[in-house]
Amino acid sequence: MSAPLLRVAVPNKGSLSQSASDILRESGYRQRHDSKELTLVDAENGVEFFYLRPRDIALYVGEGTLDVGITGRDLLRDSGAKADEVLELGFGRSRFHFAGPVGKFSDLSQLAGTRIATSYVGVVRAFLEEHGIDATVTRLDGAVETSIQLGVADVIADVVETGSTLRQAGLETFGEVILSSEAVVVTRAGSVPSGFEVFKRRLEGVLVARSYVMMDYDIRREHVAAAVALTPGIESPTVSPLHREGWVAVRAMVPRAGAQRLMDELFDLGARGILLTDIHACRL
């Protein structure tokens with residue numbers, strides 16, 4: 001009897017949808033080609049995908065209806081679902097701030113007694129409770145910037161990216177960040193579903209591959225120690241003798257960020273034939 005398929009929830013729309021499908025595809029899983037498809041079975045890899053509203057995913061996983069989900073940390077916290085964040089995915093990053101009319105608010109203590117409009121009531125109420133602030137929180141779906149102008153709120157709590165939308169509405173952020181969010185993988189609290197470790201390992205392999213590149217270079221043997229200090233690799237670099245007397249070839253994984261500067265430093269050290277190659281996936 002074959003093992004049951006791992007049931008995975010994927011955002012069906014919104015800012016996380018395409019990036020979630022991209023990382024799953026890079027991890028070797030089939031993904032839908034038509035946005036109208038609600039489910040997709042990848043029997044070869046032991047997974048069935050369900051395309052759902054991002055806001056509902058944590059709830060389905062928390063109730064055990066589905067095994068795994070990709071959603072935003074903000075949506076997970078806001079839902080109150082019995083689900084655990086088990087892996088950060090590095091995309092869909094955002095920050096939540098309080099905002100009010102320019103010059104009116106400067107400190108969180110001024111929130112006491114105010115009316116706060118937000119699409120993330122759970123997140124905001126938890127933050128206020130943690131800081132001992134008594135205020136009224138109202139849920140508004142969609143754009144909340146106009147709620148102050150319309151007189152239904154004194155303050156808003158919302159995702160802030162560039163801040164241009166707030167400025168256009170005559171608002172500015174104040175106080176500390178409410179929550180820093182990004183796309184995360186969630187599972188039911190206290191549960192590790194069958195097949196999940198392979199699924200997680202595949203995603204982690206793509207995340208590492210996106211963050212690292214493979215660097216190859218040739219260098220004189222007497223400079224190997226200095227070169228390897230610059231490129232220690234994940235475990236240890238590969239050093240192989242070349243046909244050219246006194247030279248060796250070195251191969252190591254290096255962080256993508258700063259790789260060009262690293263090439264300059266190796267060149268100054270005497271390295272030649274320095275190459276960078278993308279890594280599409282890996283297992284560490």
# chains A, B, ... in the order shown; residues from 1 in each chain; ligands from 1
$ select_by_dssp --residues "range 9-61 of chain A" --states "strand (DSSP E or B)" --output "ChimeraX atom specification"
/A:9-11,39-42,47-52
$ write_last_selection --atoms "N, CA, C and O atoms" --output "PDB file, in the first residue's frame"
ATOM      1  N   ALA A   9      -0.948  23.264   1.173  1.00  0.00           N
ATOM      2  CA  ALA A   9      -1.730  24.431   0.776  1.00  0.00           C
ATOM      3  C   ALA A   9      -0.806  25.503   0.222  1.00  0.00           C
ATOM      4  O   ALA A   9       0.216  25.839   0.827  1.00  0.00           O
ATOM      5  N   VAL A  10      -1.194  26.064  -0.933  1.00  0.00           N
ATOM      6  CA  VAL A  10      -0.406  27.087  -1.631  1.00  0.00           C
ATOM      7  C   VAL A  10      -1.304  28.297  -1.882  1.00  0.00           C
ATOM      8  O   VAL A  10      -2.475  28.135  -2.231  1.00  0.00           O
ATOM      9  N   PRO A  11      -0.801  29.518  -1.698  1.00  0.00           N
ATOM     10  CA  PRO A  11      -1.621  30.704  -1.979  1.00  0.00           C
ATOM     11  C   PRO A  11      -2.112  30.707  -3.425  1.00  0.00           C
ATOM     12  O   PRO A  11      -1.327  30.494  -4.346  1.00  0.00           O
ATOM     13  N   THR A  39      -6.743  22.148  -7.340  1.00  0.00           N
ATOM     14  CA  THR A  39      -5.881  21.107  -6.780  1.00  0.00           C
ATOM     15  C   THR A  39      -4.976  20.565  -7.873  1.00  0.00           C
ATOM     16  O   THR A  39      -5.264  20.706  -9.069  1.00  0.00           O
ATOM     17  N   LEU A  40      -3.880  19.964  -7.456  1.00  0.00           N
ATOM     18  CA  LEU A  40      -2.964  19.326  -8.398  1.00  0.00           C
ATOM     19  C   LEU A  40      -2.270  18.183  -7.673  1.00  0.00           C
ATOM     20  O   LEU A  40      -1.704  18.375  -6.590  1.00  0.00           O
ATOM     21  N   VAL A  41      -2.323  16.998  -8.255  1.00  0.00           N
ATOM     22  CA  VAL A  41      -1.681  15.820  -7.665  1.00  0.00           C
ATOM     23  C   VAL A  41      -0.333  15.591  -8.344  1.00  0.00           C
ATOM     24  O   VAL A  41      -0.259  15.488  -9.569  1.00  0.00           O
ATOM     25  N   ASP A  42       0.727  15.538  -7.531  1.00  0.00           N
ATOM     26  CA  ASP A  42       2.063  15.182  -8.015  1.00  0.00           C
ATOM     27  C   ASP A  42       2.413  13.847  -7.371  1.00  0.00           C
ATOM     28  O   ASP A  42       3.156  13.782  -6.386  1.00  0.00           O
ATOM     29  N   VAL A  47       2.948  14.253  -3.315  1.00  0.00           N
ATOM     30  CA  VAL A  47       2.357  15.482  -2.796  1.00  0.00           C
ATOM     31  C   VAL A  47       1.080  15.813  -3.564  1.00  0.00           C
ATOM     32  O   VAL A  47       0.989  15.587  -4.773  1.00  0.00           O
ATOM     33  N   GLU A  48       0.097  16.358  -2.848  1.00  0.00           N
ATOM     34  CA  GLU A  48      -1.085  16.927  -3.475  1.00  0.00           C
ATOM     35  C   GLU A  48      -1.188  18.388  -3.040  1.00  0.00           C
ATOM     36  O   GLU A  48      -1.146  18.690  -1.850  1.00  0.00           O
ATOM     37  N   PHE A  49      -1.310  19.292  -4.017  1.00  0.00           N
ATOM     38  CA  PHE A  49      -1.352  20.725  -3.729  1.00  0.00           C
ATOM     39  C   PHE A  49      -2.790  21.236  -3.784  1.00  0.00           C
ATOM     40  O   PHE A  49      -3.567  20.860  -4.667  1.00  0.00           O
ATOM     41  N   PHE A  50      -3.109  22.122  -2.842  1.00  0.00           N
ATOM     42  CA  PHE A  50      -4.413  22.766  -2.777  1.00  0.00           C
ATOM     43  C   PHE A  50      -4.198  24.279  -2.843  1.00  0.00           C
ATOM     44  O   PHE A  50      -3.455  24.830  -2.020  1.00  0.00           O
ATOM     45  N   TYR A  51      -4.837  24.939  -3.801  1.00  0.00           N
ATOM     46  CA  TYR A  51      -4.637  26.370  -3.997  1.00  0.00           C
ATOM     47  C   TYR A  51      -5.779  27.124  -3.314  1.00  0.00           C
ATOM     48  O   TYR A  51      -6.940  27.042  -3.719  1.00  0.00           O
ATOM     49  N   LEU A  52      -5.426  27.840  -2.242  1.00  0.00           N
ATOM     50  CA  LEU A  52      -6.416  28.437  -1.351  1.00  0.00           C
ATOM     51  C   LEU A  52      -6.125  29.909  -1.098  1.00  0.00           C
ATOM     52  O   LEU A  52      -5.012  30.390  -1.347  1.00  0.00           O
TER      53      LEU A  52
END
$ atom_distance --atom1 "CA of Leu150 in chain A" --atom2 "CA of Ser109 in chain A"
23.8 Å
$ residues_around --residues "Arg201 in chain A" --least-positions-apart "5" --cutoff "9 Å" --atoms "only C-alpha atoms" --output "number ranges by chain"
A: 196, 206, 283-284
$ residues_around --residues "range 183-185 of chain A" --least-positions-apart "4" --cutoff "6 Å" --atoms "only C-alpha atoms" --output "list of chain:residue names"
A:Gly69, A:Ile70, A:Thr71, A:Gly72, A:Glu85, A:Val86, A:Leu87, A:Glu88, A:Leu89, A:Phe91, A:Gly92
$ residues_around --residues "Arg220 in chain A" --least-positions-apart "2" --cutoff "7 Å" --atoms "only C-alpha atoms" --output "number ranges by chain"
A: 222-224, 246-248
$ write_last_selection --atoms "C-alpha atoms" --output "PDB file, in the first residue's frame"
ATOM      1  CA  GLU A 222      51.855  28.572  -1.954  1.00  0.00           C
ATOM      2  CA  HIS A 223      48.785  30.855  -1.897  1.00  0.00           C
ATOM      3  CA  VAL A 224      46.217  28.104  -1.201  1.00  0.00           C
ATOM      4  CA  GLY A 246      52.849  24.326  -8.703  1.00  0.00           C
ATOM      5  CA  TRP A 247      49.193  25.191  -9.392  1.00  0.00           C
ATOM      6  CA  VAL A 248      45.933  23.810  -7.969  1.00  0.00           C
TER       7      VAL A 248
END
$ residues_around --residues "Lys82 in chain A" --least-positions-apart "2" --cutoff "10 Å" --atoms "only C-alpha atoms" --output "list in words"
Ala58, Leu59, Tyr60, Val61, Gly62, Glu63, Gly64, Leu76, Arg77, Ser79, Gly80, Asp84, Val186, Thr187, Arg188, Ala189 and Gly190 of chain A
$ residues_around --residues "range 225-235 of chain A" --least-positions-apart "4" --cutoff "6 Å" --atoms "only C-alpha atoms" --output "short mmCIF file (atom, residue, chain, number, x, y, z; two decimals) with N, CA and C atoms, in the first residue's frame"
data_model
loop_
_atom_site.label_atom_id
_atom_site.label_comp_id
_atom_site.auth_asym_id
_atom_site.auth_seq_id
_atom_site.Cartn_x
_atom_site.Cartn_y
_atom_site.Cartn_z
N ALA A 252 34.59 25.96 -4.33
CA ALA A 252 33.93 26.17 -3.04
C ALA A 252 32.61 26.90 -3.25
N MET A 253 31.62 26.63 -2.39
CA MET A 253 30.39 27.40 -2.37
C MET A 253 30.65 28.68 -1.59
N VAL A 254 30.22 29.80 -2.14
CA VAL A 254 30.41 31.09 -1.46
C VAL A 254 29.08 31.86 -1.49
#
$ closest_residue --among "A:Phe174, A:Val68, A:Gly122, A:Pro101" --to "Ser147 in chain A" --atoms "only C-alpha atoms"
A:Pro101
$ closest_residue --among "A:Pro193, A:Leu6, A:Thr173, A:Leu207" --to "Asp22 in chain A" --atoms "only C-alpha atoms"
A:Leu207
$ closest_residue --among "A:Asn12, A:Glu172, A:Ser94, A:Ala117" --to "Thr146 in chain A" --atoms "only C-alpha atoms"
A:Ala117
$ closest_residue --among "A:Arg256, A:Arg125, A:His33, A:Arg139" --to "Val208 in chain A" --atoms "only C-alpha atoms"
A:Arg256
$ select_by_dssp --residues "range 53-88 of chain A" --states "alpha helix (DSSP H)" --output "number ranges by chain"
A: 54-62, 73-79
$ closest_residue --among "A:Glu26, A:Arg95, A:Tyr217, A:Ser240" --to "Cys282 in chain A" --atoms "only C-alpha atoms"
A:Glu26
$ decode --residues "range 231-243 of chain A" --atoms "all heavy atoms" --output "CSV table (one decimal), in the first residue's frame"
chain,number,residue,atom,x,y,z
A,231,THR,N,37.6,31.6,0.9
A,231,THR,CA,36.6,30.7,0.4
A,231,THR,C,36.5,29.4,1.2
A,231,THR,O,36.9,28.4,0.6
A,231,THR,CB,36.8,30.5,-1.1
A,231,THR,OG1,38.0,29.8,-1.3
A,231,THR,CG2,36.7,31.8,-1.9
A,232,PRO,N,36.1,29.4,2.4
A,232,PRO,CA,36.1,28.2,3.2
A,232,PRO,C,35.1,27.2,2.8
A,232,PRO,O,35.1,26.0,3.2
A,232,PRO,CB,35.9,28.7,4.6
A,232,PRO,CG,35.1,29.9,4.5
A,232,PRO,CD,35.7,30.6,3.2
A,233,GLY,N,34.1,27.6,2.0
A,233,GLY,CA,33.0,26.7,1.6
A,233,GLY,C,32.1,26.3,2.7
A,233,GLY,O,32.1,26.9,3.8
A,234,ILE,N,31.2,25.4,2.4
A,234,ILE,CA,30.2,25.0,3.4
A,234,ILE,C,30.8,24.0,4.4
A,234,ILE,O,30.8,24.2,5.6
A,234,ILE,CB,29.0,24.3,2.7
A,234,ILE,CG1,28.3,25.3,1.8
A,234,ILE,CG2,28.0,23.8,3.8
A,234,ILE,CD1,27.7,26.5,2.6
A,235,GLU,N,31.4,22.9,3.9
A,235,GLU,CA,32.2,22.0,4.7
A,235,GLU,C,33.7,22.3,4.6
A,235,GLU,O,34.3,22.6,5.6
A,235,GLU,CB,31.9,20.5,4.2
A,235,GLU,CG,30.5,20.1,4.3
A,235,GLU,CD,29.9,20.0,5.7
A,235,GLU,OE1,30.7,19.9,6.6
A,235,GLU,OE2,28.7,19.9,5.8
A,236,SER,N,34.2,22.2,3.4
A,236,SER,CA,35.6,22.5,3.1
A,236,SER,C,35.7,22.6,1.6
A,236,SER,O,35.0,21.8,0.9
A,236,SER,CB,36.5,21.4,3.7
A,236,SER,OG,37.8,21.7,3.4
A,237,PRO,N,36.6,23.4,1.1
A,237,PRO,CA,36.7,23.5,-0.4
A,237,PRO,C,37.4,22.3,-1.0
A,237,PRO,O,38.1,21.6,-0.3
A,237,PRO,CB,37.5,24.8,-0.6
A,237,PRO,CG,38.3,24.9,0.6
A,237,PRO,CD,37.4,24.4,1.7
A,238,THR,N,37.1,22.0,-2.2
A,238,THR,CA,37.8,21.0,-3.0
A,238,THR,C,39.1,21.6,-3.6
A,238,THR,O,39.0,22.6,-4.3
A,238,THR,CB,36.9,20.4,-4.1
A,238,THR,OG1,35.8,19.8,-3.5
A,238,THR,CG2,37.7,19.3,-4.9
A,239,VAL,N,40.2,21.0,-3.3
A,239,VAL,CA,41.5,21.4,-3.9
A,239,VAL,C,42.1,20.3,-4.7
A,239,VAL,O,42.4,19.2,-4.1
A,239,VAL,CB,42.5,21.9,-2.8
A,239,VAL,CG1,43.8,22.4,-3.4
A,239,VAL,CG2,41.9,23.0,-1.9
A,240,SER,N,42.3,20.5,-6.0
A,240,SER,CA,42.8,19.5,-6.9
A,240,SER,C,44.1,20.0,-7.6
A,240,SER,O,44.1,21.1,-8.0
A,240,SER,CB,41.8,19.1,-7.9
A,240,SER,OG,40.5,18.8,-7.3
A,241,PRO,N,45.1,19.1,-7.8
A,241,PRO,CA,46.3,19.5,-8.5
A,241,PRO,C,46.0,19.7,-9.9
A,241,PRO,O,45.2,19.0,-10.5
A,241,PRO,CB,47.2,18.3,-8.2
A,241,PRO,CG,46.3,17.1,-8.0
A,241,PRO,CD,45.2,17.7,-7.3
A,242,LEU,N,46.7,20.7,-10.5
A,242,LEU,CA,46.6,20.9,-12.0
A,242,LEU,C,47.8,20.3,-12.7
A,242,LEU,O,48.9,20.1,-12.1
A,242,LEU,CB,46.5,22.4,-12.2
A,242,LEU,CG,45.3,23.1,-11.8
A,242,LEU,CD1,45.4,24.6,-12.0
A,242,LEU,CD2,44.1,22.6,-12.6
A,243,HIS,N,47.7,20.1,-14.0
A,243,HIS,CA,48.8,19.6,-14.8
A,243,HIS,C,49.9,20.6,-14.7
A,243,HIS,O,51.1,20.2,-14.8
A,243,HIS,CB,48.3,19.4,-16.2
A,243,HIS,CG,49.4,18.8,-17.1
A,243,HIS,ND1,49.9,17.6,-17.0
A,243,HIS,CD2,50.1,19.4,-18.1
A,243,HIS,CE1,50.9,17.4,-17.9
A,243,HIS,NE2,51.0,18.5,-18.6
